[in-house]
file coords24.txt (compact mmCIF, C-alpha atoms (C1' of nucleotides))
# COMPACT_ATOMS: atom_id res chain seq x y z
CA MET S 667 -13.77 6.65 8.49
CA ASN S 668 -14.44 8.13 5.08
CA PRO S 669 -14.48 11.88 5.58
CA SER S 670 -16.15 12.65 2.27
CA ARG S 671 -19.91 12.70 2.27
CA THR S 672 -20.52 11.16 -1.13
CA PRO S 673 -19.34 7.59 -1.48
CA LEU S 674 -17.04 6.72 -4.33
CA ARG S 675 -18.50 5.67 -7.62
CA ALA S 676 -18.42 1.92 -8.10
CA ASP S 677 -15.65 1.93 -10.70
CA ALA S 678 -13.55 4.30 -8.63
CA GLN S 679 -13.90 2.10 -5.59
CA ARG S 680 -12.88 -0.91 -7.63
CA ASN S 681 -9.83 0.84 -9.02
CA ARG S 682 -8.83 2.01 -5.59
CA GLU S 683 -8.94 -1.44 -4.08
CA HIS S 684 -7.20 -2.96 -7.04
CA LEU S 685 -4.42 -0.39 -6.74
CA ILE S 686 -3.93 -1.19 -3.07
CA ALA S 687 -3.80 -4.89 -3.76
CA THR S 688 -1.34 -4.42 -6.59
CA ALA S 689 0.85 -2.14 -4.53
CA ALA S 690 0.81 -4.53 -1.60
CA GLU S 691 2.03 -7.31 -3.83
CA ALA S 692 4.63 -5.11 -5.48
CA PHE S 693 5.97 -3.85 -2.17
CA THR S 694 6.42 -7.28 -0.66
CA SER S 695 8.82 -8.21 -3.45
CA GLY S 696 11.29 -5.90 -1.74
CA ARG S 697 12.62 -4.43 -4.94
CA PRO S 698 11.93 -0.76 -5.48
CA ILE S 699 8.99 -0.12 -7.74
CA SER S 700 7.81 3.05 -9.39
CA LEU S 701 4.32 4.33 -8.88
CA ASP S 702 3.75 4.44 -12.61
CA ALA S 703 4.71 0.78 -12.75
CA ILE S 704 2.14 -0.02 -10.08
CA ALA S 705 -0.49 1.86 -12.03
CA LYS S 706 0.41 0.06 -15.22
CA ARG S 707 0.41 -3.31 -13.48
CA ALA S 708 -3.01 -2.52 -12.07
CA GLY S 709 -4.20 -1.63 -15.54
CA VAL S 710 -5.03 1.99 -14.85
CA GLY S 711 -3.49 5.26 -15.90
CA SER S 712 -1.00 6.89 -13.60
CA ALA S 713 -3.32 9.84 -13.10
CA THR S 714 -5.84 7.49 -11.54
CA LEU S 715 -3.28 6.35 -9.01
CA TYR S 716 -2.34 9.91 -8.12
CA ARG S 717 -5.96 10.92 -7.86
CA HIS S 718 -6.63 8.23 -5.28
CA PHE S 719 -3.32 8.65 -3.47
CA PRO S 720 -2.00 12.17 -3.84
CA THR S 721 1.30 11.31 -2.20
CA ARG S 722 3.26 8.14 -2.04
CA GLU S 723 2.68 8.05 1.71
CA ASP S 724 -1.07 7.85 1.22
CA LEU S 725 -0.65 4.68 -0.77
CA VAL S 726 1.89 3.21 1.62
CA GLU S 727 -0.37 3.89 4.56
CA GLU S 728 -3.27 2.09 2.94
CA VAL S 729 -1.16 -0.87 1.93
CA TYR S 730 -0.01 -1.54 5.48
CA ARG S 731 -3.16 -0.59 7.31
CA ASP S 732 -3.97 -4.16 8.27
CA GLN S 733 -0.43 -5.27 8.93
CA ILE S 734 0.08 -2.74 11.70
CA ARG S 735 -2.57 -4.31 13.89
CA PRO S 736 -0.44 -6.92 15.69
CA LEU S 737 1.79 -4.18 17.02
CA ARG S 738 -0.96 -3.03 19.30
CA ASP S 739 -1.15 -6.44 20.91
CA ASP S 740 2.60 -6.45 21.21
CA ALA S 741 2.40 -3.21 23.13
CA ARG S 742 -0.21 -4.62 25.49
CA THR S 743 1.84 -7.72 26.13
CA LEU S 744 4.96 -5.69 26.78
CA LEU S 745 3.12 -3.43 29.17
CA ALA S 746 1.79 -6.42 31.05
CA ASN S 747 5.21 -7.97 31.50
CA GLU S 748 7.64 -5.10 31.89
CA ARG S 749 7.95 -1.73 33.46
CA PRO S 750 6.53 0.95 31.17
CA ALA S 751 9.77 2.65 30.20
CA GLN S 752 11.32 -0.64 29.27
CA ALA S 753 8.16 -1.65 27.44
CA LEU S 754 8.36 1.55 25.45
CA HIS S 755 11.93 0.86 24.48
CA ALA S 756 11.12 -2.70 23.52
CA TRP S 757 8.12 -1.67 21.50
CA MET S 758 10.10 0.93 19.58
CA ARG S 759 12.65 -1.72 18.78
CA ARG S 760 9.85 -3.99 17.68
CA PHE S 761 8.41 -1.26 15.52
CA ALA S 762 11.78 -0.61 13.92
CA GLU S 763 11.95 -4.25 12.97
CA TRP S 764 8.44 -4.18 11.58
CA ALA S 765 9.20 -1.02 9.60
CA GLY S 766 12.47 -2.44 8.36
CA GLU S 767 10.63 -5.24 6.64
CA ARG S 768 8.30 -2.84 4.88
CA ARG S 769 9.65 -0.53 2.24
CA GLY S 770 8.58 3.04 2.43
CA ILE S 771 7.13 3.13 5.92
CA CYS S 772 9.91 5.16 7.52
CA GLU S 773 9.97 7.67 4.70
CA ALA S 774 6.21 7.98 4.92
CA LEU S 775 6.27 8.62 8.65
CA VAL S 776 8.97 11.23 8.31
CA ALA S 777 7.14 12.95 5.50
CA MET S 778 3.91 12.97 7.47
CA SER S 779 5.63 14.31 10.57
CA ALA S 780 7.37 17.02 8.63
CA THR S 781 4.11 18.16 7.10
CA GLY S 782 2.19 17.97 10.34
CA ARG S 783 0.12 15.00 9.24
CA PHE S 784 1.39 12.48 11.75
CA GLY S 785 -1.65 10.74 13.13
CA THR S 786 -3.45 11.06 9.80
CA GLY S 787 -3.77 7.84 7.90
CA PRO S 788 -4.15 4.32 9.22
CA VAL S 789 -0.59 3.41 10.11
CA CYS S 790 0.61 6.53 11.83
CA ASP S 791 -2.74 6.91 13.51
CA GLU S 792 -2.30 3.48 15.01
CA VAL S 793 1.28 4.30 16.00
CA GLN S 794 0.10 7.44 17.66
CA GLN S 795 -2.55 5.60 19.62
CA ILE S 796 -0.19 2.88 20.74
CA LEU S 797 2.39 5.42 21.84
CA GLY S 798 -0.33 7.29 23.68
CA MET S 799 -1.26 4.14 25.54
CA VAL S 800 2.30 3.32 26.54
CA LEU S 801 3.17 6.88 27.46
CA GLU S 802 0.13 7.11 29.66
CA ALA S 803 1.02 3.91 31.43
CA GLY S 804 4.50 5.26 31.98
CA ALA S 805 3.20 8.53 33.35
CA ASP S 806 0.82 6.71 35.69
CA ALA S 807 3.69 4.65 37.01
CA GLY S 808 5.78 7.77 37.45
CA GLU S 809 8.39 6.35 35.13
CA LEU S 810 7.83 8.75 32.26
CA ARG S 811 6.97 12.40 32.18
CA SER S 812 3.35 13.26 32.05
CA GLY S 813 1.96 15.44 29.33
CA LEU S 814 4.06 13.96 26.57
CA ASP S 815 2.55 14.29 23.13
CA PRO S 816 2.43 10.99 21.23
CA VAL S 817 2.77 12.93 18.00
CA GLU S 818 6.08 14.35 19.10
CA VAL S 819 7.39 11.07 20.41
CA GLY S 820 6.32 9.46 17.15
CA GLY S 821 8.13 12.20 15.29
CA ILE S 822 11.34 11.55 17.17
CA LEU S 823 10.97 7.85 16.50
CA ALA S 824 10.42 8.47 12.81
CA GLY S 825 13.42 10.76 12.74
CA VAL S 826 15.88 8.30 14.18
CA LEU S 827 14.46 5.55 12.02
CA SER S 828 15.10 7.61 8.93
CA VAL S 829 18.68 8.00 10.03
CA ALA S 830 19.41 4.55 11.42
CA GLY S 831 16.59 2.35 10.25
CA ALA S 832 18.63 -0.07 8.20
CA PRO S 833 18.99 -3.54 9.69
CA GLU S 834 22.77 -3.28 9.89
CA GLN S 835 22.41 -0.17 12.07
CA ARG S 836 20.41 -2.05 14.67
CA ALA S 837 22.97 -1.53 17.42
CA GLN S 838 23.29 2.15 16.73
CA LEU S 839 19.54 2.56 16.63
CA ASP S 840 19.23 0.81 19.94
CA ARG S 841 21.63 3.23 21.58
CA MET S 842 19.65 6.11 20.13
CA LEU S 843 16.44 4.66 21.51
CA THR S 844 18.06 4.36 24.92
CA VAL S 845 18.85 8.05 24.85
CA ILE S 846 15.33 8.91 23.81
CA VAL S 847 13.55 6.76 26.36
CA ASP S 848 15.79 8.07 29.10
CA GLY S 849 15.00 11.57 27.96
CA LEU S 850 11.32 10.83 28.38
CA ARG S 851 11.72 10.01 32.08
CA PRO S 852 10.70 12.61 34.62
CA ARG S 853 13.31 15.24 35.32
CA GLN S 854 15.16 14.46 38.47
CA LEU S 855 14.61 17.24 40.95
CA ALA S 856 18.15 17.01 42.26
CA GLN S 857 19.83 18.21 39.09
CA MET C 1324 42.16 17.60 2.48
CA ASN C 1325 42.01 16.30 -1.06
CA PRO C 1326 42.17 12.54 -0.70
CA SER C 1327 43.15 11.93 -4.32
CA ARG C 1328 46.84 11.96 -5.06
CA THR C 1329 46.69 13.61 -8.47
CA PRO C 1330 45.48 17.19 -8.50
CA LEU C 1331 42.62 18.12 -10.77
CA ARG C 1332 43.32 19.26 -14.26
CA ALA C 1333 43.10 23.03 -14.66
CA ASP C 1334 39.81 23.03 -16.57
CA ALA C 1335 38.27 20.56 -14.16
CA GLN C 1336 39.24 22.69 -11.19
CA ARG C 1337 37.75 25.74 -12.87
CA ASN C 1338 34.50 23.94 -13.60
CA ARG C 1339 34.29 22.63 -10.08
CA GLU C 1340 34.67 26.03 -8.52
CA HIS C 1341 32.28 27.60 -10.96
CA LEU C 1342 29.69 24.96 -10.15
CA ILE C 1343 30.00 25.62 -6.44
CA ALA C 1344 29.66 29.36 -6.94
CA THR C 1345 26.64 28.91 -9.17
CA ALA C 1346 25.00 26.51 -6.75
CA ALA C 1347 25.65 28.83 -3.83
CA GLU C 1348 23.91 31.64 -5.62
CA ALA C 1349 21.04 29.42 -6.73
CA PHE C 1350 20.50 28.04 -3.24
CA THR C 1351 20.31 31.42 -1.57
CA SER C 1352 17.34 32.34 -3.72
CA GLY C 1353 15.32 29.93 -1.62
CA ARG C 1354 13.34 28.54 -4.50
CA PRO C 1355 13.95 24.88 -5.31
CA ILE C 1356 16.34 24.36 -8.18
CA SER C 1357 17.20 21.28 -10.14
CA LEU C 1358 20.74 20.05 -10.45
CA ASP C 1359 20.49 20.09 -14.22
CA ALA C 1360 19.47 23.72 -14.02
CA ILE C 1361 22.55 24.51 -11.95
CA ALA C 1362 24.74 22.75 -14.48
CA LYS C 1363 23.12 24.60 -17.33
CA ARG C 1364 23.42 27.92 -15.55
CA ALA C 1365 27.09 27.18 -14.95
CA GLY C 1366 27.49 26.41 -18.64
CA VAL C 1367 28.52 22.79 -18.24
CA GLY C 1368 26.82 19.52 -19.06
CA SER C 1369 24.96 17.76 -16.31
CA ALA C 1370 27.40 14.88 -16.42
CA THR C 1371 30.16 17.25 -15.36
CA LEU C 1372 28.19 18.24 -12.31
CA TYR C 1373 27.54 14.64 -11.35
CA ARG C 1374 31.15 13.73 -11.93
CA HIS C 1375 32.32 16.36 -9.47
CA PHE C 1376 29.49 15.81 -7.00
CA PRO C 1377 28.17 12.27 -7.18
CA THR C 1378 25.31 13.02 -4.83
CA ARG C 1379 23.37 16.13 -4.13
CA GLU C 1380 24.76 16.12 -0.59
CA ASP C 1381 28.30 16.41 -1.88
CA LEU C 1382 27.41 19.63 -3.63
CA VAL C 1383 25.44 20.97 -0.69
CA GLU C 1384 28.31 20.26 1.66
CA GLU C 1385 30.76 22.17 -0.52
CA VAL C 1386 28.45 25.12 -0.91
CA TYR C 1387 28.11 25.62 2.81
CA ARG C 1388 31.61 24.64 3.86
CA ASP C 1389 32.61 28.18 4.80
CA GLN C 1390 29.31 29.23 6.28
CA ILE C 1391 29.43 26.58 8.99
CA ARG C 1392 32.51 28.06 10.60
CA PRO C 1393 30.86 30.59 12.93
CA LEU C 1394 28.97 27.80 14.63
CA ARG C 1395 32.16 26.58 16.17
CA ASP C 1396 32.71 29.92 17.85
CA ASP C 1397 29.11 29.89 18.98
CA ALA C 1398 29.74 26.58 20.67
CA ARG C 1399 32.81 27.90 22.43
CA THR C 1400 30.96 30.95 23.64
CA LEU C 1401 28.06 28.89 24.88
CA LEU C 1402 30.38 26.53 26.71
CA ALA C 1403 32.12 29.46 28.35
CA ASN C 1404 28.90 30.96 29.62
CA GLU C 1405 26.60 28.08 30.43
CA ARG C 1406 26.63 24.65 31.90
CA PRO C 1407 27.50 22.08 29.25
CA ALA C 1408 24.12 20.39 28.95
CA GLN C 1409 22.42 23.71 28.53
CA ALA C 1410 25.08 24.81 26.08
CA LEU C 1411 24.44 21.69 24.05
CA HIS C 1412 20.75 22.39 23.94
CA ALA C 1413 21.33 25.99 22.96
CA TRP C 1414 23.80 25.07 20.29
CA MET C 1415 21.43 22.54 18.76
CA ARG C 1416 18.76 25.19 18.65
CA ARG C 1417 21.24 27.53 17.04
CA PHE C 1418 22.18 24.90 14.50
CA ALA C 1419 18.54 24.28 13.68
CA GLU C 1420 18.16 27.95 12.93
CA TRP C 1421 21.27 27.95 10.79
CA ALA C 1422 20.10 24.88 8.90
CA GLY C 1423 16.62 26.28 8.48
CA GLU C 1424 18.02 29.16 6.48
CA ARG C 1425 19.90 26.84 4.16
CA ARG C 1426 18.02 24.61 1.78
CA GLY C 1427 19.11 21.04 1.61
CA ILE C 1428 21.29 20.87 4.67
CA CYS C 1429 18.95 18.75 6.76
CA GLU C 1430 18.27 16.35 3.93
CA ALA C 1431 21.97 16.06 3.30
CA LEU C 1432 22.74 15.29 6.93
CA VAL C 1433 20.03 12.66 7.09
CA ALA C 1434 21.22 11.07 3.87
CA MET C 1435 24.80 11.01 5.10
CA SER C 1436 23.78 9.55 8.45
CA ALA C 1437 21.67 6.88 6.83
CA THR C 1438 24.52 5.83 4.57
CA GLY C 1439 27.11 5.93 7.33
CA ARG C 1440 28.88 8.95 5.91
CA PHE C 1441 28.18 11.37 8.74
CA GLY C 1442 31.46 13.10 9.44
CA THR C 1443 32.47 12.92 5.81
CA GLY C 1444 32.37 16.22 4.00
CA PRO C 1445 33.01 19.70 5.33
CA VAL C 1446 29.75 20.53 7.04
CA CYS C 1447 28.96 17.33 8.84
CA ASP C 1448 32.60 16.91 9.74
CA GLU C 1449 32.49 20.27 11.45
CA VAL C 1450 29.23 19.39 13.17
CA GLN C 1451 30.76 16.17 14.38
CA GLN C 1452 33.77 17.96 15.78
CA ILE C 1453 31.72 20.61 17.52
CA LEU C 1454 29.46 18.01 19.04
CA GLY C 1455 32.51 16.08 20.15
CA MET C 1456 33.84 19.15 21.90
CA VAL C 1457 30.59 19.91 23.70
CA LEU C 1458 29.93 16.30 24.63
CA GLU C 1459 33.38 16.00 26.09
CA ALA C 1460 32.94 19.13 28.14
CA GLY C 1461 29.66 17.74 29.39
CA ALA C 1462 31.21 14.42 30.30
CA ASP C 1463 34.06 16.15 32.13
CA ALA C 1464 31.56 18.14 34.13
CA GLY C 1465 29.62 15.00 34.90
CA GLU C 1466 26.55 16.48 33.29
CA LEU C 1467 26.45 14.22 30.29
CA ARG C 1468 27.27 10.56 29.85
CA SER C 1469 30.78 9.75 28.90
CA GLY C 1470 31.52 7.70 25.84
CA LEU C 1471 28.85 9.27 23.68
CA ASP C 1472 29.55 9.09 19.97
CA PRO C 1473 29.26 12.47 18.22
CA VAL C 1474 28.21 10.65 15.08
CA GLU C 1475 25.23 9.16 16.83
CA VAL C 1476 24.24 12.37 18.54
CA GLY C 1477 24.57 14.11 15.19
CA GLY C 1478 22.38 11.45 13.68
CA ILE C 1479 19.67 11.99 16.25
CA LEU C 1480 19.87 15.72 15.67
CA ALA C 1481 19.60 15.27 11.91
CA GLY C 1482 16.65 12.95 12.43
CA VAL C 1483 14.58 15.34 14.48
CA LEU C 1484 15.50 18.18 12.17
CA SER C 1485 14.18 16.27 9.20
CA VAL C 1486 10.94 15.81 11.06
CA ALA C 1487 10.53 19.19 12.73
CA GLY C 1488 13.04 21.45 11.04
CA ALA C 1489 10.59 23.93 9.60
CA PRO C 1490 10.58 27.34 11.28
CA GLU C 1491 6.94 27.04 12.30
CA GLN C 1492 7.77 23.86 14.22
CA ARG C 1493 10.31 25.62 16.37
CA ALA C 1494 8.42 25.00 19.61
CA GLN C 1495 7.94 21.35 18.85
CA LEU C 1496 11.57 20.95 17.90
CA ASP C 1497 12.62 22.58 21.13
CA ARG C 1498 10.64 20.08 23.16
CA MET C 1499 12.23 17.28 21.20
CA LEU C 1500 15.68 18.68 21.89
CA THR C 1501 14.85 18.83 25.59
CA VAL C 1502 14.07 15.14 25.53
CA ILE C 1503 17.26 14.34 23.70
CA VAL C 1504 19.57 16.39 25.88
CA ASP C 1505 17.98 14.96 29.01
CA GLY C 1506 18.49 11.52 27.56
CA LEU C 1507 22.19 12.26 27.19
CA ARG C 1508 22.62 12.91 30.91
CA PRO C 1509 24.16 10.22 33.05
CA ARG C 1510 21.79 7.53 34.20
CA GLN C 1511 20.67 8.14 37.74
CA LEU C 1512 21.73 5.25 39.90
CA ALA C 1513 18.59 5.40 41.97
CA GLN C 1514 16.21 4.32 39.21
C1' DC B 1470 56.00 22.85 -31.30
C1' DA B 1471 53.25 18.68 -33.00
C1' DC B 1472 51.90 14.34 -30.73
C1' DT B 1473 49.41 11.44 -27.87
C1' DG B 1474 47.22 9.09 -24.05
C1' DA B 1475 44.66 10.09 -20.19
C1' DA B 1476 41.39 13.12 -18.21
C1' DA B 1477 37.45 15.56 -18.62
C1' DC B 1478 33.44 16.98 -21.17
C1' DG B 1479 28.46 17.13 -22.73
C1' DG B 1480 24.38 15.76 -24.98
C1' DA B 1481 21.17 12.32 -25.36
C1' DG B 1482 18.37 9.12 -23.27
C1' DA B 1483 16.41 5.90 -19.74
C1' DG B 1484 13.50 5.93 -16.12
C1' DG B 1485 11.04 8.42 -12.38
C1' DT B 1486 7.26 11.76 -10.41
C1' DC B 1487 3.34 14.22 -11.15
C1' DC B 1488 -0.29 16.99 -13.70
C1' DC B 1489 -3.29 18.73 -17.62
C1' DC B 1490 -7.26 18.10 -20.05
C1' DG B 1491 -10.08 15.89 -23.69
C1' DA B 1492 -12.52 11.42 -23.67
C1' DT B 1493 -15.15 8.15 -21.26
C1' DT B 1494 -18.18 5.97 -17.98
C1' DC B 1495 -21.42 5.85 -14.35
C1' DA B 1496 -25.73 6.91 -11.71
C1' DC B 1497 -29.91 8.66 -11.87
C1' DC B 1498 -34.17 10.39 -13.96
C1' DT B 1499 -37.79 9.94 -17.21
C1' DA P 1474 -34.26 1.85 -22.77
C1' DG P 1475 -32.37 6.50 -23.55
C1' DG P 1476 -30.53 11.04 -22.05
C1' DT P 1477 -27.55 13.87 -19.32
C1' DG P 1478 -24.40 16.00 -16.17
C1' DA P 1479 -20.97 14.97 -13.08
C1' DA P 1480 -17.47 11.88 -11.67
C1' DT P 1481 -13.73 9.44 -13.23
C1' DC P 1482 -10.34 7.96 -16.43
C1' DG P 1483 -5.82 7.72 -19.03
C1' DG P 1484 -2.32 9.04 -22.21
C1' DG P 1485 0.93 12.27 -23.09
C1' DG P 1486 4.01 15.68 -21.61
C1' DA P 1487 6.85 18.72 -18.42
C1' DC P 1488 10.39 18.35 -15.49
C1' DC P 1489 13.58 15.86 -12.61
C1' DT P 1490 17.79 12.60 -11.54
C1' DC P 1491 21.49 10.15 -13.12
C1' DT P 1492 24.43 7.48 -16.61
C1' DC P 1493 26.44 5.95 -21.06
C1' DC P 1494 29.65 6.78 -24.35
C1' DG P 1495 31.59 9.20 -28.40
C1' DT P 1496 34.17 13.61 -28.57
C1' DT P 1497 37.15 17.19 -27.01
C1' DT P 1498 40.81 19.21 -24.26
C1' DC P 1499 44.75 19.24 -21.42
C1' DA P 1500 49.56 18.33 -20.06
C1' DG P 1501 53.55 16.35 -20.48
C1' DT P 1502 57.12 14.39 -24.10
C1' DG P 1503 60.67 14.03 -27.98

call {"tool": "encode", "arguments": {"input": "coords24.txt", "output": "structure tokens"}}
result
Amino acid sequence: MNPSRTPLRADAQRNREHLIATAAEAFTSGRPISLDAIAKRAGVGSATLYRHFPTREDLVEEVYRDQIRPLRDDARTLLANERPAQALHAWMRRFAEWAGERRGICEALVAMSATGRFGTGPVCDEVQQILGMVLEAGADAGELRSGLDPVEVGGILAGVLSVAGAPEQRAQLDRMLTVIVDGLRPRQLAQ
Amino acid sequence: MNPSRTPLRADAQRNREHLIATAAEAFTSGRPISLDAIAKRAGVGSATLYRHFPTREDLVEEVYRDQIRPLRDDARTLLANERPAQALHAWMRRFAEWAGERRGICEALVAMSATGRFGTGPVCDEVQQILGMVLEAGADAGELRSGLDPVEVGGILAGVLSVAGAPEQRAQLDRMLTVIVDGLRPRQLAQ
DNA sequence: CACTGAAACGGAGAGGTCCCCGATTCACCT
DNA sequence: AGGTGAATCGGGGACCTCTCCGTTTCAGTG
């Protein structure tokens, strides 16, 4: 999982974990918090934070890496109980809810999509895998196109979330998701 | 067009126009530029800039208000020569190109969508109207669903642009647009 | 013309992101 | 233990966004 050959020095590892823990706590408060404030609260200099997490997304991804796990089970359950296209729609709605409760996730996904890093990092990697699973099930059932790229579908999802991710836009988001899921169905041969 | 009853004072009007001209010039350079720098270059205090344009989007919208016009003619031409759904796809591609040449437009559209202000301001108002025209033509031809909200379609467009708006993502964006336009077609009755 | 109140201005400053670089600490070897 | 180079640290600063509030300027009035 760690791409670098040399493991972190003990103090660096400690700082890193402490930063993640501090950020996790700070994020759950809901109120916006500056990165410098997180560093200060963790008792390290801001440069240390930026050295471990070059972008805000890197930190966000680490903070939520464990919390994303249940969404995979959700996807499995949905696939077991509904037709794939409907399961996809339901899962996206579920994900929107999950993301809505967690500051910074949508922005992070958009930023990673825009820079071609979707699928890098724990959270969007998991999202990509889950989408891959559901899309494949849909293709096997003939309900969704085959050959769809989970990265692109994840990108579309991130895009609409960035535009209509707020809880009070739930209805609007749902209509957008309907459009998207329908667009993922196989093209009808009769125009 | 000016929603306020009292016209601007002469000096305020002068400053406003000068700010827009300065920003237009600064934006075309391509390099990122700070709002304070624009204010300074225009010879006014930064507070004056923020008073005239409370958000960055407000300034961006004014800067490009004239440049958006040709896109309406493009839409008409496309509608005259192609089937509506295809015209919609082509116009979105055309808009992506237009937006790609103009710093800040995508971010502004996303911000305005997210805050429910899509359709406010010159540029996104024009986009909304054009989309309304094309969507209606598509609905009349039975090629697109009826009752689609241009604001929502514009939001989806802004979303995918924020994720895949860079010129080197053109191919990816085009696949996303295919999904979206297909999703806007009427639901097939036979599942 | 002053005169005056409202409108508009602008600089300073609070708070944010992010990086530079001299100081420090660790891990390993003797 | 003590030495040493490399890894890591952290404060301070550059630059950004955005606002507060004392000062200036405009546009009508007698």

call {"tool": "interface_residues", "arguments": {"input": "coords24.txt", "of": "chain P", "to": "chain C", "cutoff": "10 Å", "atoms": "only C-alpha atoms (C1' of nucleotides)", "output": "MDAnalysis selection string"}}
result
chainID P and resid 1488:1492 1498:1500

call {"tool": "write_last_selection", "arguments": {"input": "coords24.txt", "atoms": "C-alpha atoms (C1' of nucleotides)", "output": "tab-separated table (two decimals), keeping the file's coordinate frame"}}
result
chain	number	residue	atom	x	y	z
P	1488	DC	C1'	10.39	18.35	-15.49
P	1489	DC	C1'	13.58	15.86	-12.61
P	1490	DT	C1'	17.79	12.60	-11.54
P	1491	DC	C1'	21.49	10.15	-13.12
P	1492	DT	C1'	24.43	7.48	-16.61
P	1498	DT	C1'	40.81	19.21	-24.26
P	1499	DC	C1'	44.75	19.24	-21.42
P	1500	DA	C1'	49.56	18.33	-20.06

call {"tool": "atom_distance", "arguments": {"input": "coords24.txt", "atom1": "atom CA of C:Gly1482", "atom2": "atom CA of S:Ile822"}}
result
7.3 Å

call {"tool": "residues_around", "arguments": {"input": "coords24.txt", "residues": "C:Leu1342", "least_positions_apart": "5", "cutoff": "12 Å", "atoms": "only C-alpha atoms (C1' of nucleotides)", "output": "VMD selection string"}}
result
chain C and resid 1335 to 1337 1347 to 1350 1358 to 1369 1371 to 1376 1381 to 1383 1385 to 1386

call {"tool": "interface_residues", "arguments": {"input": "coords24.txt", "of": "chain B", "to": "chain C", "cutoff": "7 Å", "atoms": "all atoms listed in the file", "output": "list in words"}}
result
DA1477, DC1478 and DG1479 of chain B

call {"tool": "interface_residues", "arguments": {"input": "coords24.txt", "of": "chain S", "to": "chain C", "cutoff": "10 Å", "atoms": "only C-alpha atoms", "output": "number ranges by chain"}}
result
S: 775-782, 809, 814-815, 817-832, 835, 838-839, 841-854, 857

call {"tool": "atom_distance", "arguments": {"input": "coords24.txt", "atom1": "atom CA of S:Leu745", "atom2": "atom CA of S:Glu802"}}
result
11.0 Å

call {"tool": "closest_residue", "arguments": {"input": "coords24.txt", "among": "S:Pro750, S:Pro833, S:Pro788, S:Gly804", "to": "S:Glu727", "atoms": "only C-alpha atoms"}}
result
S:Pro788

call {"tool": "axis_aligned_box", "arguments": {"input": "coords24.txt", "around": "stretch 1476-1495 of chain P", "padding_each_side": "8 Å", "output": "AutoDock Vina command-line options"}}
result
--center_x 0.5 --center_y 12.3 --center_z -20.0 --size_x 78.1 --size_y 28.8 --size_z 32.9

call {"tool": "atom_distance", "arguments": {"input": "coords24.txt", "atom1": "atom CA of S:His755", "atom2": "atom CA of S:Leu810"}}
result
11.8 Å

call {"tool": "residues_near_point", "arguments": {"input": "coords24.txt", "point": "(23.5, 6.7, -20.1)", "cutoff": "9 Å", "atoms": "only C-alpha atoms (C1' of nucleotides)", "output": "PyMOL selection string"}}
result
(chain B and resi 1481-1483) or (chain P and resi 1491-1494)

call {"tool": "residues_near_point", "arguments": {"input": "coords24.txt", "point": "(55.0, 16.8, -33.0)", "cutoff": "10 Å", "atoms": "only C-alpha atoms (C1' of nucleotides)", "output": "PyMOL selection string"}}
result
(chain B and resi 1470-1473) or (chain P and resi 1502-1503)

call {"tool": "residues_around", "arguments": {"input": "coords24.txt", "residues": "S:Thr694", "least_positions_apart": "3", "cutoff": "12 Å", "atoms": "only C-alpha atoms (C1' of nucleotides)", "output": "ChimeraX atom specification"}}
result
/S:687-691,697-699,726,729-730,733,766-770

call {"tool": "closest_residue", "arguments": {"input": "coords24.txt", "among": "S:Arg682, S:Ala837, S:Ala807, S:Leu737", "to": "S:Arg749", "atoms": "all atoms listed in the file"}}
result
S:Ala807

call {"tool": "build_atoms", "arguments": {"input": "coords24.txt", "residues": "stretch 1463-1472 of chain C", "atoms": "N, CA and C atoms", "output": "PDB file, in the frame of the given file"}}
result
ATOM      1  N   ASP C1463      33.099  15.720  31.107  1.00  0.00           N
ATOM      2  CA  ASP C1463      34.060  16.150  32.130  1.00  0.00           C
ATOM      3  C   ASP C1463      33.349  16.764  33.321  1.00  0.00           C
ATOM      4  N   ALA C1464      32.296  17.490  33.038  1.00  0.00           N
ATOM      5  CA  ALA C1464      31.560  18.140  34.130  1.00  0.00           C
ATOM      6  C   ALA C1464      30.605  17.173  34.815  1.00  0.00           C
ATOM      7  N   GLY C1465      30.529  15.967  34.302  1.00  0.00           N
ATOM      8  CA  GLY C1465      29.620  15.000  34.900  1.00  0.00           C
ATOM      9  C   GLY C1465      28.166  15.264  34.591  1.00  0.00           C
ATOM     10  N   GLU C1466      27.933  16.127  33.614  1.00  0.00           N
ATOM     11  CA  GLU C1466      26.550  16.480  33.290  1.00  0.00           C
ATOM     12  C   GLU C1466      25.983  15.653  32.152  1.00  0.00           C
ATOM     13  N   LEU C1467      26.889  15.081  31.385  1.00  0.00           N
ATOM     14  CA  LEU C1467      26.450  14.220  30.290  1.00  0.00           C
ATOM     15  C   LEU C1467      27.187  12.883  30.418  1.00  0.00           C
ATOM     16  N   ARG C1468      26.618  11.866  29.826  1.00  0.00           N
ATOM     17  CA  ARG C1468      27.270  10.560  29.850  1.00  0.00           C
ATOM     18  C   ARG C1468      28.641  10.666  29.207  1.00  0.00           C
ATOM     19  N   SER C1469      29.504   9.813  29.614  1.00  0.00           N
ATOM     20  CA  SER C1469      30.780   9.750  28.900  1.00  0.00           C
ATOM     21  C   SER C1469      30.664   8.632  27.854  1.00  0.00           C
ATOM     22  N   GLY C1470      31.514   8.731  26.871  1.00  0.00           N
ATOM     23  CA  GLY C1470      31.520   7.700  25.840  1.00  0.00           C
ATOM     24  C   GLY C1470      30.481   7.882  24.762  1.00  0.00           C
ATOM     25  N   LEU C1471      29.840   9.028  24.735  1.00  0.00           N
ATOM     26  CA  LEU C1471      28.850   9.270  23.680  1.00  0.00           C
ATOM     27  C   LEU C1471      29.560   9.474  22.346  1.00  0.00           C
ATOM     28  N   ASP C1472      28.962   8.963  21.299  1.00  0.00           N
ATOM     29  CA  ASP C1472      29.550   9.090  19.970  1.00  0.00           C
ATOM     30  C   ASP C1472      28.949  10.306  19.268  1.00  0.00           C
TER      31      ASP C1472
END
